[in-house]
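Just final-v3.cif here, mmCIF, C-alpha atoms:
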```
data_data
#
loop_
_atom_site.label_atom_id
_atom_site.label_comp_id
_atom_site.auth_asym_id
_atom_site.auth_seq_id
_atom_site.Cartn_x
_atom_site.Cartn_y
_atom_site.Cartn_z
CA MET O 9 134.45 101.04 71.31
CA LEU O 10 133.00 100.76 74.83
CA PHE O 11 133.06 104.54 75.16
CA TYR O 12 131.14 104.89 71.88
CA PHE O 13 128.37 102.52 72.95
CA PHE O 14 128.17 104.19 76.35
CA LYS O 15 127.54 107.50 74.59
CA ARG O 16 124.90 105.85 72.40
CA LEU O 17 123.13 104.56 75.50
CA LEU O 18 123.13 108.05 77.00
CA LEU O 19 121.67 109.46 73.77
CA VAL O 20 118.70 107.11 74.05
CA PHE O 21 117.06 109.33 76.69
CA PRO O 22 117.13 112.69 74.87
CA THR O 23 116.15 110.95 71.64
CA LEU O 24 113.16 109.36 73.35
CA ILE O 25 112.16 112.73 74.79
CA GLY O 26 112.40 114.31 71.34
CA ILE O 27 110.26 111.60 69.72
CA MET O 28 107.63 111.83 72.43
CA LEU O 29 107.62 115.65 72.36
CA ILE O 30 107.04 115.83 68.60
CA ASN O 31 104.15 113.39 68.75
CA PHE O 32 102.73 115.05 71.87
CA VAL O 33 102.68 118.43 70.10
CA ILE O 34 101.02 116.91 67.02
CA VAL O 35 98.29 115.34 69.17
CA GLN O 36 97.47 118.75 70.66
CA PHE O 37 96.39 120.01 67.22
CA ILE O 38 94.23 117.01 66.36
CA PRO O 39 90.54 117.91 66.72
CA GLY O 40 88.51 115.94 69.23
CA GLY O 41 89.78 114.00 72.20
CA PRO O 42 88.69 111.66 74.97
CA VAL O 43 86.44 114.29 76.55
CA GLU O 44 84.60 115.02 73.31
CA GLN O 45 84.34 111.33 72.52
CA THR O 46 82.86 110.54 75.91
CA LEU O 47 80.32 113.36 75.58
CA ALA O 48 79.39 112.15 72.09
CA LEU O 49 78.98 108.62 73.41
CA ILE O 50 76.65 109.86 76.16
CA ASN O 51 74.54 111.82 73.67
CA ASN O 52 74.45 109.06 71.03
CA GLN O 53 73.28 106.49 73.54
CA GLY O 54 70.31 108.72 74.31
CA PHE O 55 70.83 109.37 78.00
CA GLY O 56 68.80 112.55 77.61
CA GLY O 57 68.19 114.16 80.97
CA ASN O 58 70.45 111.64 82.66
CA ILE O 59 73.34 113.82 81.52
CA ALA O 60 72.23 116.21 84.20
CA LEU O 61 72.23 113.47 86.79
CA LEU O 62 75.73 112.44 85.75
CA ALA O 63 76.84 116.00 86.41
CA GLY O 64 75.01 116.17 89.71
CA ASP O 65 72.48 118.75 88.47
CA ASP O 66 68.87 118.89 89.67
CA SER O 67 67.66 119.98 86.25
CA GLY O 68 67.35 116.35 85.30
CA GLU O 69 64.12 116.24 87.25
CA LEU O 70 62.54 118.47 84.61
CA LEU O 71 62.93 115.77 81.99
CA GLU O 72 61.79 112.99 84.28
CA SER O 73 58.63 114.89 85.14
CA GLY O 74 58.08 115.93 81.54
CA GLU O 75 58.03 119.64 82.45
CA GLY O 76 60.17 122.32 80.88
CA ASP O 77 61.64 119.92 78.35
CA ALA O 78 62.30 122.55 75.72
CA GLY O 79 63.76 124.97 78.21
CA PHE O 80 66.11 122.39 79.58
CA ASN O 81 67.22 121.30 76.11
CA GLN O 82 68.18 124.83 75.24
CA GLU O 83 69.56 126.17 78.49
CA GLY O 84 69.80 123.46 81.15
CA ARG O 85 71.35 120.88 78.88
CA GLY O 86 73.98 123.34 77.72
CA ARG O 87 74.89 124.24 81.30
CA VAL O 88 74.93 120.59 82.40
CA GLU O 89 77.09 119.53 79.46
CA GLU O 90 79.51 122.35 80.21
CA GLU O 91 79.81 121.17 83.82
CA LEU O 92 80.21 117.59 82.67
CA TYR O 93 82.85 118.70 80.18
CA LEU O 94 84.85 120.31 82.97
CA GLU O 95 84.48 117.23 85.14
CA LEU O 96 85.66 114.94 82.34
CA THR O 97 88.56 117.25 81.53
CA LYS O 98 89.70 116.99 85.14
CA TYR O 99 89.10 113.23 85.21
CA TYR O 100 91.30 112.65 82.15
CA GLY O 101 93.97 114.98 83.50
CA LEU O 102 93.56 117.45 80.65
CA ASP O 103 92.89 120.43 82.89
CA LYS O 104 96.62 121.09 83.32
CA PRO O 105 98.76 123.05 80.80
CA ALA O 106 100.24 121.00 77.98
CA TYR O 107 103.85 121.46 79.08
CA GLU O 108 103.00 120.29 82.60
CA ARG O 109 101.18 117.20 81.28
CA PHE O 110 104.16 116.34 79.08
CA PHE O 111 106.63 116.70 81.95
CA ILE O 112 104.49 114.50 84.23
CA MET O 113 104.05 111.91 81.49
CA MET O 114 107.78 111.63 80.72
CA LYS O 115 108.70 111.48 84.42
CA ASN O 116 106.25 108.62 84.91
CA TYR O 117 107.35 106.84 81.72
CA PHE O 118 111.02 106.86 82.72
CA LEU O 119 109.84 105.26 85.98
CA PHE O 120 107.86 102.78 83.84
CA ASP O 121 104.58 104.06 85.20
CA PHE O 122 102.30 104.22 82.16
CA GLY O 123 99.02 104.87 83.95
CA ASP O 124 95.62 103.39 83.10
CA SER O 125 93.68 103.19 79.88
CA PHE O 126 90.88 105.73 79.57
CA TYR O 127 88.34 103.18 78.37
CA GLN O 128 89.35 99.68 79.44
CA ASP O 129 89.68 100.27 83.19
CA ARG O 130 93.05 98.49 83.22
CA SER O 131 96.64 99.59 83.49
CA VAL O 132 98.51 100.15 80.25
CA VAL O 133 101.25 97.76 81.38
CA GLU O 134 98.70 94.98 81.78
CA LEU O 135 97.34 95.63 78.30
CA VAL O 136 100.79 95.69 76.69
CA ILE O 137 101.90 92.52 78.48
CA GLU O 138 98.67 90.82 77.41
CA LYS O 139 99.12 91.77 73.74
CA LEU O 140 102.90 91.37 73.63
CA PRO O 141 103.06 87.58 73.01
CA VAL O 142 101.08 87.93 69.78
CA SER O 143 103.21 90.76 68.37
CA VAL O 144 106.50 89.21 69.48
CA SER O 145 105.49 85.88 67.96
CA LEU O 146 104.57 87.46 64.63
CA GLY O 147 107.50 89.87 64.55
CA LEU O 148 110.23 87.52 65.74
CA TRP O 149 109.38 84.49 63.60
CA THR O 150 108.56 86.55 60.52
CA THR O 151 111.79 88.53 60.71
CA LEU O 152 113.82 85.39 61.40
CA LEU O 153 112.30 83.49 58.47
CA VAL O 154 112.60 86.47 56.12
CA TYR O 155 116.33 86.79 56.85
CA LEU O 156 116.95 83.03 56.76
CA LEU O 157 115.27 82.80 53.35
CA SER O 158 116.36 86.07 51.78
CA ILE O 159 120.08 86.07 52.55
CA PRO O 160 120.96 82.60 51.13
CA LEU O 161 118.62 83.15 48.19
CA GLY O 162 120.04 86.61 47.48
CA ILE O 163 123.62 85.29 47.64
CA TYR O 164 122.81 82.41 45.31
CA LYS O 165 121.06 84.75 42.86
CA ALA O 166 124.14 87.01 42.88
CA VAL O 167 126.42 84.06 42.14
CA LYS O 168 124.09 82.83 39.38
CA ASP O 169 123.32 86.32 38.08
CA GLY O 170 121.63 86.23 34.69
CA ASN O 171 121.09 82.48 34.42
CA ARG O 172 117.77 80.66 34.24
CA PHE O 173 117.41 80.25 38.01
CA ASP O 174 118.03 83.94 38.66
CA VAL O 175 115.49 85.07 36.07
CA SER O 176 112.76 82.59 37.02
CA SER O 177 113.17 83.19 40.76
CA SER O 178 113.05 86.95 40.20
CA ILE O 179 109.73 86.59 38.40
CA ILE O 180 108.28 84.45 41.21
CA ILE O 181 109.55 86.80 43.91
CA THR O 182 108.19 89.86 42.11
CA VAL O 183 104.75 88.26 41.71
CA ALA O 184 104.74 87.30 45.41
CA TYR O 185 105.77 90.83 46.38
CA SER O 186 102.98 92.36 44.29
CA ILE O 187 100.32 90.49 46.28
CA PRO O 188 99.36 92.38 49.47
CA ASN O 189 99.88 90.24 52.56
CA PHE O 190 96.29 90.72 53.73
CA LEU O 191 94.98 89.49 50.36
CA PHE O 192 97.25 86.47 50.50
CA ALA O 193 96.06 85.87 54.08
CA ILE O 194 92.45 85.78 52.90
CA PHE O 195 93.44 83.31 50.18
CA LEU O 196 95.11 81.06 52.77
CA ILE O 197 92.00 81.16 54.94
CA ILE O 198 89.74 80.21 52.03
CA VAL O 199 91.94 77.28 51.04
CA PHE O 200 93.37 75.97 54.31
CA ALA O 201 91.28 77.28 57.22
CA GLY O 202 87.78 76.05 56.54
CA GLY O 203 86.82 78.63 53.94
CA GLU O 204 86.01 76.44 50.94
CA TYR O 205 88.40 73.51 50.71
CA PHE O 206 90.43 72.34 53.71
CA ASN O 207 90.09 72.91 57.44
CA TRP O 208 93.67 72.28 58.48
CA PHE O 209 94.46 75.41 60.51
CA PRO O 210 92.66 77.37 63.26
CA LEU O 211 91.47 80.92 62.75
CA LYS O 212 91.70 82.50 66.19
CA GLY O 213 94.43 83.14 68.75
CA ILE O 214 97.98 81.86 68.95
CA VAL O 215 97.13 78.84 71.13
CA SER O 216 94.14 76.60 71.75
CA GLU O 217 91.78 76.98 74.70
CA ASN O 218 93.11 73.76 76.27
CA PHE O 219 96.74 74.86 75.84
CA ALA O 220 97.50 74.58 79.57
CA GLU O 221 96.43 70.92 79.58
CA LEU O 222 98.76 69.90 76.73
CA SER O 223 102.17 68.30 77.11
CA PHE O 224 105.28 70.32 76.34
CA GLY O 225 105.68 68.86 72.86
CA ASP O 226 101.99 69.32 72.05
CA LYS O 227 102.18 72.93 73.26
CA ILE O 228 104.94 73.68 70.75
CA LEU O 229 102.98 72.00 67.94
CA ASP O 230 99.80 73.83 68.90
CA TYR O 231 101.63 77.18 69.02
CA PHE O 232 103.11 76.83 65.53
CA HIS O 233 99.88 75.30 64.22
CA HIS O 234 98.10 78.56 65.06
CA LEU O 235 100.90 80.81 63.76
CA PHE O 236 101.65 79.00 60.49
CA LEU O 237 99.20 80.86 58.24
CA PRO O 238 99.71 84.37 59.72
CA ILE O 239 103.50 84.07 59.53
CA LEU O 240 103.37 82.60 56.02
CA SER O 241 101.22 85.48 54.78
CA MET O 242 103.67 88.01 56.25
CA VAL O 243 106.82 86.25 55.01
CA ILE O 244 105.58 86.08 51.41
CA GLY O 245 105.39 89.84 51.13
CA GLY O 246 108.42 90.59 53.28
CA PHE O 247 111.29 88.60 51.83
CA ALA O 248 111.24 89.97 48.27
CA SER O 249 112.87 93.36 48.94
CA LEU O 250 115.49 91.85 51.24
CA THR O 251 116.35 89.19 48.66
CA PHE O 252 116.97 91.78 45.94
CA LEU O 253 118.87 93.98 48.40
CA THR O 254 121.14 91.07 49.31
CA LYS O 255 121.69 90.15 45.68
CA ASN O 256 122.53 93.71 44.60
CA SER O 257 124.81 94.21 47.61
CA PHE O 258 126.77 91.06 46.77
CA LEU O 259 126.94 91.97 43.09
CA ASP O 260 128.43 95.35 43.98
CA GLN O 261 131.09 93.68 46.13
CA ILE O 262 131.83 90.91 43.64
CA ASN O 263 132.78 93.50 41.04
CA MET O 264 135.15 95.29 43.41
CA GLN O 265 138.89 95.38 42.76
CA TYR O 266 139.77 93.37 45.91
CA VAL O 267 137.73 90.42 44.61
CA ILE O 268 139.55 90.51 41.27
CA THR O 269 142.86 90.63 43.13
CA ALA O 270 141.86 87.68 45.35
CA ARG O 271 140.94 85.63 42.27
CA SER O 272 144.25 86.46 40.62
CA LYS O 273 146.01 85.10 43.70
CA GLY O 274 144.27 81.77 43.21
CA LEU O 275 141.87 81.87 46.13
CA LYS O 276 138.88 79.58 45.88
CA GLU O 277 135.62 81.21 44.84
CA LYS O 278 133.91 79.91 47.97
CA ASP O 279 136.57 81.46 50.23
CA ILE O 280 136.35 84.78 48.38
CA LEU O 281 132.57 84.83 48.68
CA TYR O 282 132.19 83.92 52.35
CA LYS O 283 135.45 85.22 53.85
CA HIS O 284 135.73 88.55 52.05
CA VAL O 285 132.59 89.50 50.15
CA PHE O 286 130.13 88.32 52.80
CA ARG O 287 131.12 90.64 55.63
CA ASN O 288 131.18 93.71 53.37
CA ALA O 289 127.93 92.93 51.60
CA MET O 290 126.05 92.08 54.79
CA LEU O 291 126.54 95.51 56.36
CA ILE O 292 123.80 97.12 54.28
CA VAL O 293 121.52 94.12 54.87
CA ILE O 294 121.94 94.24 58.66
CA SER O 295 121.34 98.00 58.74
CA GLY O 296 117.69 97.42 57.85
CA PHE O 297 117.03 94.88 60.60
CA PRO O 298 115.81 97.29 63.34
CA SER O 299 113.31 99.08 61.10
CA ALA O 300 112.10 95.76 59.67
CA LEU O 301 111.46 94.25 63.10
CA ILE O 302 109.79 97.39 64.46
CA GLY O 303 107.64 97.64 61.34
CA ILE O 304 106.46 94.06 61.70
CA LEU O 305 105.85 94.39 65.43
CA PHE O 306 103.80 97.57 65.41
CA THR O 307 102.48 98.31 61.91
CA SER O 308 102.73 95.60 59.27
CA SER O 309 100.96 93.01 61.40
CA LEU O 310 97.81 95.11 61.96
CA LEU O 311 95.73 93.67 59.09
CA ILE O 312 97.04 90.18 59.78
CA GLU O 313 95.97 90.51 63.41
CA VAL O 314 92.48 91.55 62.29
CA ILE O 315 92.13 88.81 59.67
CA PHE O 316 93.34 85.99 61.91
CA SER O 317 91.71 87.35 65.10
CA LEU O 318 95.07 87.94 66.79
CA ASP O 319 94.90 90.62 69.45
CA GLY O 320 98.39 92.17 69.42
CA LEU O 321 100.09 95.52 69.87
CA GLY O 322 99.27 96.68 66.36
CA LEU O 323 95.54 96.31 66.95
CA LEU O 324 95.88 97.78 70.45
CA GLY O 325 97.56 100.92 69.12
CA PHE O 326 95.09 101.26 66.26
CA ASN O 327 92.05 101.03 68.52
CA ALA O 328 93.64 103.45 70.98
CA ALA O 329 94.16 105.99 68.21
CA LEU O 330 90.52 105.71 67.15
CA LYS O 331 89.32 106.23 70.71
CA TYR O 332 91.87 108.94 71.65
CA ASP O 333 93.14 106.67 74.41
CA TYR O 334 96.22 108.82 75.07
CA PRO O 335 97.88 106.65 77.77
CA VAL O 336 97.85 103.64 75.44
CA ILE O 337 98.91 105.64 72.38
CA PHE O 338 101.93 107.23 74.04
CA ALA O 339 102.87 104.05 75.91
CA VAL O 340 102.99 102.04 72.68
CA LEU O 341 104.96 104.87 71.04
CA PHE O 342 107.39 105.01 73.96
CA PHE O 343 107.84 101.23 73.96
CA SER O 344 108.33 100.96 70.18
CA SER O 345 110.80 103.86 70.15
CA LEU O 346 112.77 102.38 73.04
CA VAL O 347 112.94 98.99 71.31
CA GLY O 348 113.95 100.63 68.02
CA LEU O 349 116.75 102.67 69.60
CA THR O 350 118.02 99.61 71.45
CA LEU O 351 118.05 97.59 68.24
CA LYS O 352 120.04 100.36 66.55
CA ILE O 353 122.76 99.94 69.16
CA ILE O 354 122.67 96.17 68.70
CA THR O 355 123.03 96.74 64.95
CA ASP O 356 126.21 98.76 65.51
CA ILE O 357 127.56 95.92 67.64
CA SER O 358 126.74 93.53 64.79
CA TYR O 359 128.70 95.75 62.40
CA SER O 360 131.77 95.41 64.58
CA LEU O 361 131.36 91.65 64.89
CA ILE O 362 131.00 91.16 61.13
CA ASP O 363 133.78 93.56 60.18
CA PRO O 364 136.27 94.29 63.00
CA ARG O 365 137.83 97.00 60.85
CA ILE O 366 134.86 99.27 61.64
CA ASP O 367 135.73 101.64 64.48
CA PHE O 368 132.86 104.01 65.32
CA GLU O 369 134.97 106.14 67.65
CA VAL O 370 137.44 106.89 64.84
CA ARG O 371 134.59 107.67 62.44
CA GLU O 372 133.03 110.07 64.94
CA GLY O 373 136.35 111.84 65.37
#
```

Could you write out this file's structure as structure tokens?
Amino acid sequence: MLFYFFKRLLLVFPTLIGIMLINFVIVQFIPGGPVEQTLALINNQGFGGNIALLAGDDSGELLESGEGDAGFNQEGRGRVEEELYLELTKYYGLDKPAYERFFIMMKNYFLFDFGDSFYQDRSVVELVIEKLPVSVSLGLWTTLLVYLLSIPLGIYKAVKDGNRFDVSSSIIITVAYSIPNFLFAIFLIIVFAGGEYFNWFPLKGIVSENFAELSFGDKILDYFHHLFLPILSMVIGGFASLTFLTKNSFLDQINMQYVITARSKGLKEKDILYKHVFRNAMLIVISGFPSALIGILFTSSLLIEVIFSLDGLGLLGFNAALKYDYPVIFAVLFFSSLVGLTLKIITDISYSLIDPRIDFEVREG
């Protein structure tokens, strides 16, 4: 088993390189880029002849004196913008061949050197560390609550399959699942966060401004006071599929021959359910944990972050994509892929802990 997990750890590096390479190639074919965006920003803000000054060209004097305006706009401006384009290309490091840029990027990333953001004048590591508490808070607590609610509920629904509780709870869960989490979040704000009725919960950040001055107990209360509505809005839409997955997984196992045999031997139903059925049924449930956590951390929480003014990794990655902030885009991708691959290994370990009969080395052979 140790040899298997050692091989899995070694496979993390080529897998990461493959993920980054595919996305790097895709980005090369996307029109636009940081250079074009910067030039468009300069033009849209109406710098006019100051473009020439930015490029160190004397032609800017023509505009300032009011002479030769048309000539400069047609010839001088084009020459100045071309020089500025070359300068910006060099500044952003895009003057090198694509393969060389990719090699340099991966070498730096494996040394955990992610460079600086193109637009925020800060290192990418600083930005990620700053946004990480929000995403970890949302992802960790949402995933934990979803699993704590869905697994017991799914097991109970499987045991009570077809009765009144199972039918009524299925209707409620389906209705909750059909409501988008961002729409439910808006509803919670209107009712509980000063929209129309009550003003019980804050609308910004994960802690109050005076958080540092609070006692330890008050800090915990303040933290969960801020996170209650965002997490609730994410849990409502997230636990439905896992509940039905758990129920169906247990139903499949309950109808297996080994369960019928165990009942014929006189074993208690509770022992059959939790000592035999549980470990087999939970394998498929646990297999979805890495993708669920990664999805909540980096994608599903984006709208929730916007609605509740929570500045996390989802919003950071989204804004970086809009601005072609390549260092931030690829750093978030590298980080999310690394976390996902690590969680996959942890999932395999969980398989072995739940069912010791699973031997990955034998299966590989």

Open item on the list: Could you tell me how far atom CA of O:Pro335 sits from atom CA of O:Asp124, in Å to one decimal place?
Closed with: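 The value is 6.6 Å.
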
- [ ] Take the PyMOL selection byres ((chain O and resi 25-30) around 10), apply it to the structure above, and return the hits as a VMD selection string.
- [x] chain O and resid 20 to 24 31 to 35 107 110 to 111 113 to 114 118 338 to 339 341 to 342 345

- [ ] Just give me the gap between atom CA of O:Ile214 and atom CA of O:Glu313 in Å, one decimal is fine.
- [x]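 Result for atom CA of O:Ile214 versus atom CA of O:Glu313: 10.5 Å, one decimal.
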
TODO: Compile the contact shell of O:Ile239 as a PyMOL selection string: residues with an atom at most 12 Å away, counting only C-alpha atoms, same-chain residues fewer than 6 positions apart removed.
DONE: chain O and resi 142-154+189-190+192-193+196+214+231-233+245-247+304+308-309+312-313+316+318

Mind dumping the selected residues with C-alpha atoms as a CSV table (one decimal), in the coordinates of the input?
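Generated file (part.csv):
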```
chain,number,residue,atom,x,y,z
O,142,VAL,CA,101.1,87.9,69.8
O,143,SER,CA,103.2,90.8,68.4
O,144,VAL,CA,106.5,89.2,69.5
O,145,SER,CA,105.5,85.9,68.0
O,146,LEU,CA,104.6,87.5,64.6
O,147,GLY,CA,107.5,89.9,64.6
O,148,LEU,CA,110.2,87.5,65.7
O,149,TRP,CA,109.4,84.5,63.6
O,150,THR,CA,108.6,86.6,60.5
O,151,THR,CA,111.8,88.5,60.7
O,152,LEU,CA,113.8,85.4,61.4
O,153,LEU,CA,112.3,83.5,58.5
O,154,VAL,CA,112.6,86.5,56.1
O,189,ASN,CA,99.9,90.2,52.6
O,190,PHE,CA,96.3,90.7,53.7
O,192,PHE,CA,97.2,86.5,50.5
O,193,ALA,CA,96.1,85.9,54.1
O,196,LEU,CA,95.1,81.1,52.8
O,214,ILE,CA,98.0,81.9,69.0
O,231,TYR,CA,101.6,77.2,69.0
O,232,PHE,CA,103.1,76.8,65.5
O,233,HIS,CA,99.9,75.3,64.2
O,245,GLY,CA,105.4,89.8,51.1
O,246,GLY,CA,108.4,90.6,53.3
O,247,PHE,CA,111.3,88.6,51.8
O,304,ILE,CA,106.5,94.1,61.7
O,308,SER,CA,102.7,95.6,59.3
O,309,SER,CA,101.0,93.0,61.4
O,312,ILE,CA,97.0,90.2,59.8
O,313,GLU,CA,96.0,90.5,63.4
O,316,PHE,CA,93.3,86.0,61.9
O,318,LEU,CA,95.1,87.9,66.8
```

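The space between atom CA of O:Ile159 and atom CA of O:Ile315 spans 29.0 Å.
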
Open item on the list: Translate the PyMOL selection byres ((chain O and resi 319-328) around 7) into a concrete residue list for this structure, as a list of chain:residue names.
Closed with: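 This file, filtered by the PyMOL selection byres ((chain O and resi 319-328) around 7), leaves O:Val136, O:Lys139, O:Leu140, O:Val142, O:Ser143, O:Phe306, O:Thr307, O:Ser309, O:Leu310, O:Glu313, O:Ser317, O:Leu318, O:Ala329, O:Leu330, O:Lys331, O:Tyr332, O:Asp333, O:Val336, O:Ile337, O:Val340.
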
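Of the residues listed (O:Ile163, O:Leu237, O:Val133, O:Leu102), O:Val133 shows the shortest atom-to-atom separation from O:Tyr117; distances use all atoms listed in the file.
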
Task: Resolved residues for the PyMOL selection byres ((chain O and resi 197) around 12) as a PyMOL selection string - done: chain O and resi 190-196+198-212+236-238+240-241+312+315-317

Task: Residue among O:Gly123, O:Lys278, O:Ala166, O:Pro188 lying closest to O:Asn263, counting all atoms listed in the file - done: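 So, comparing all the options, the nearest one is O:Ala166.
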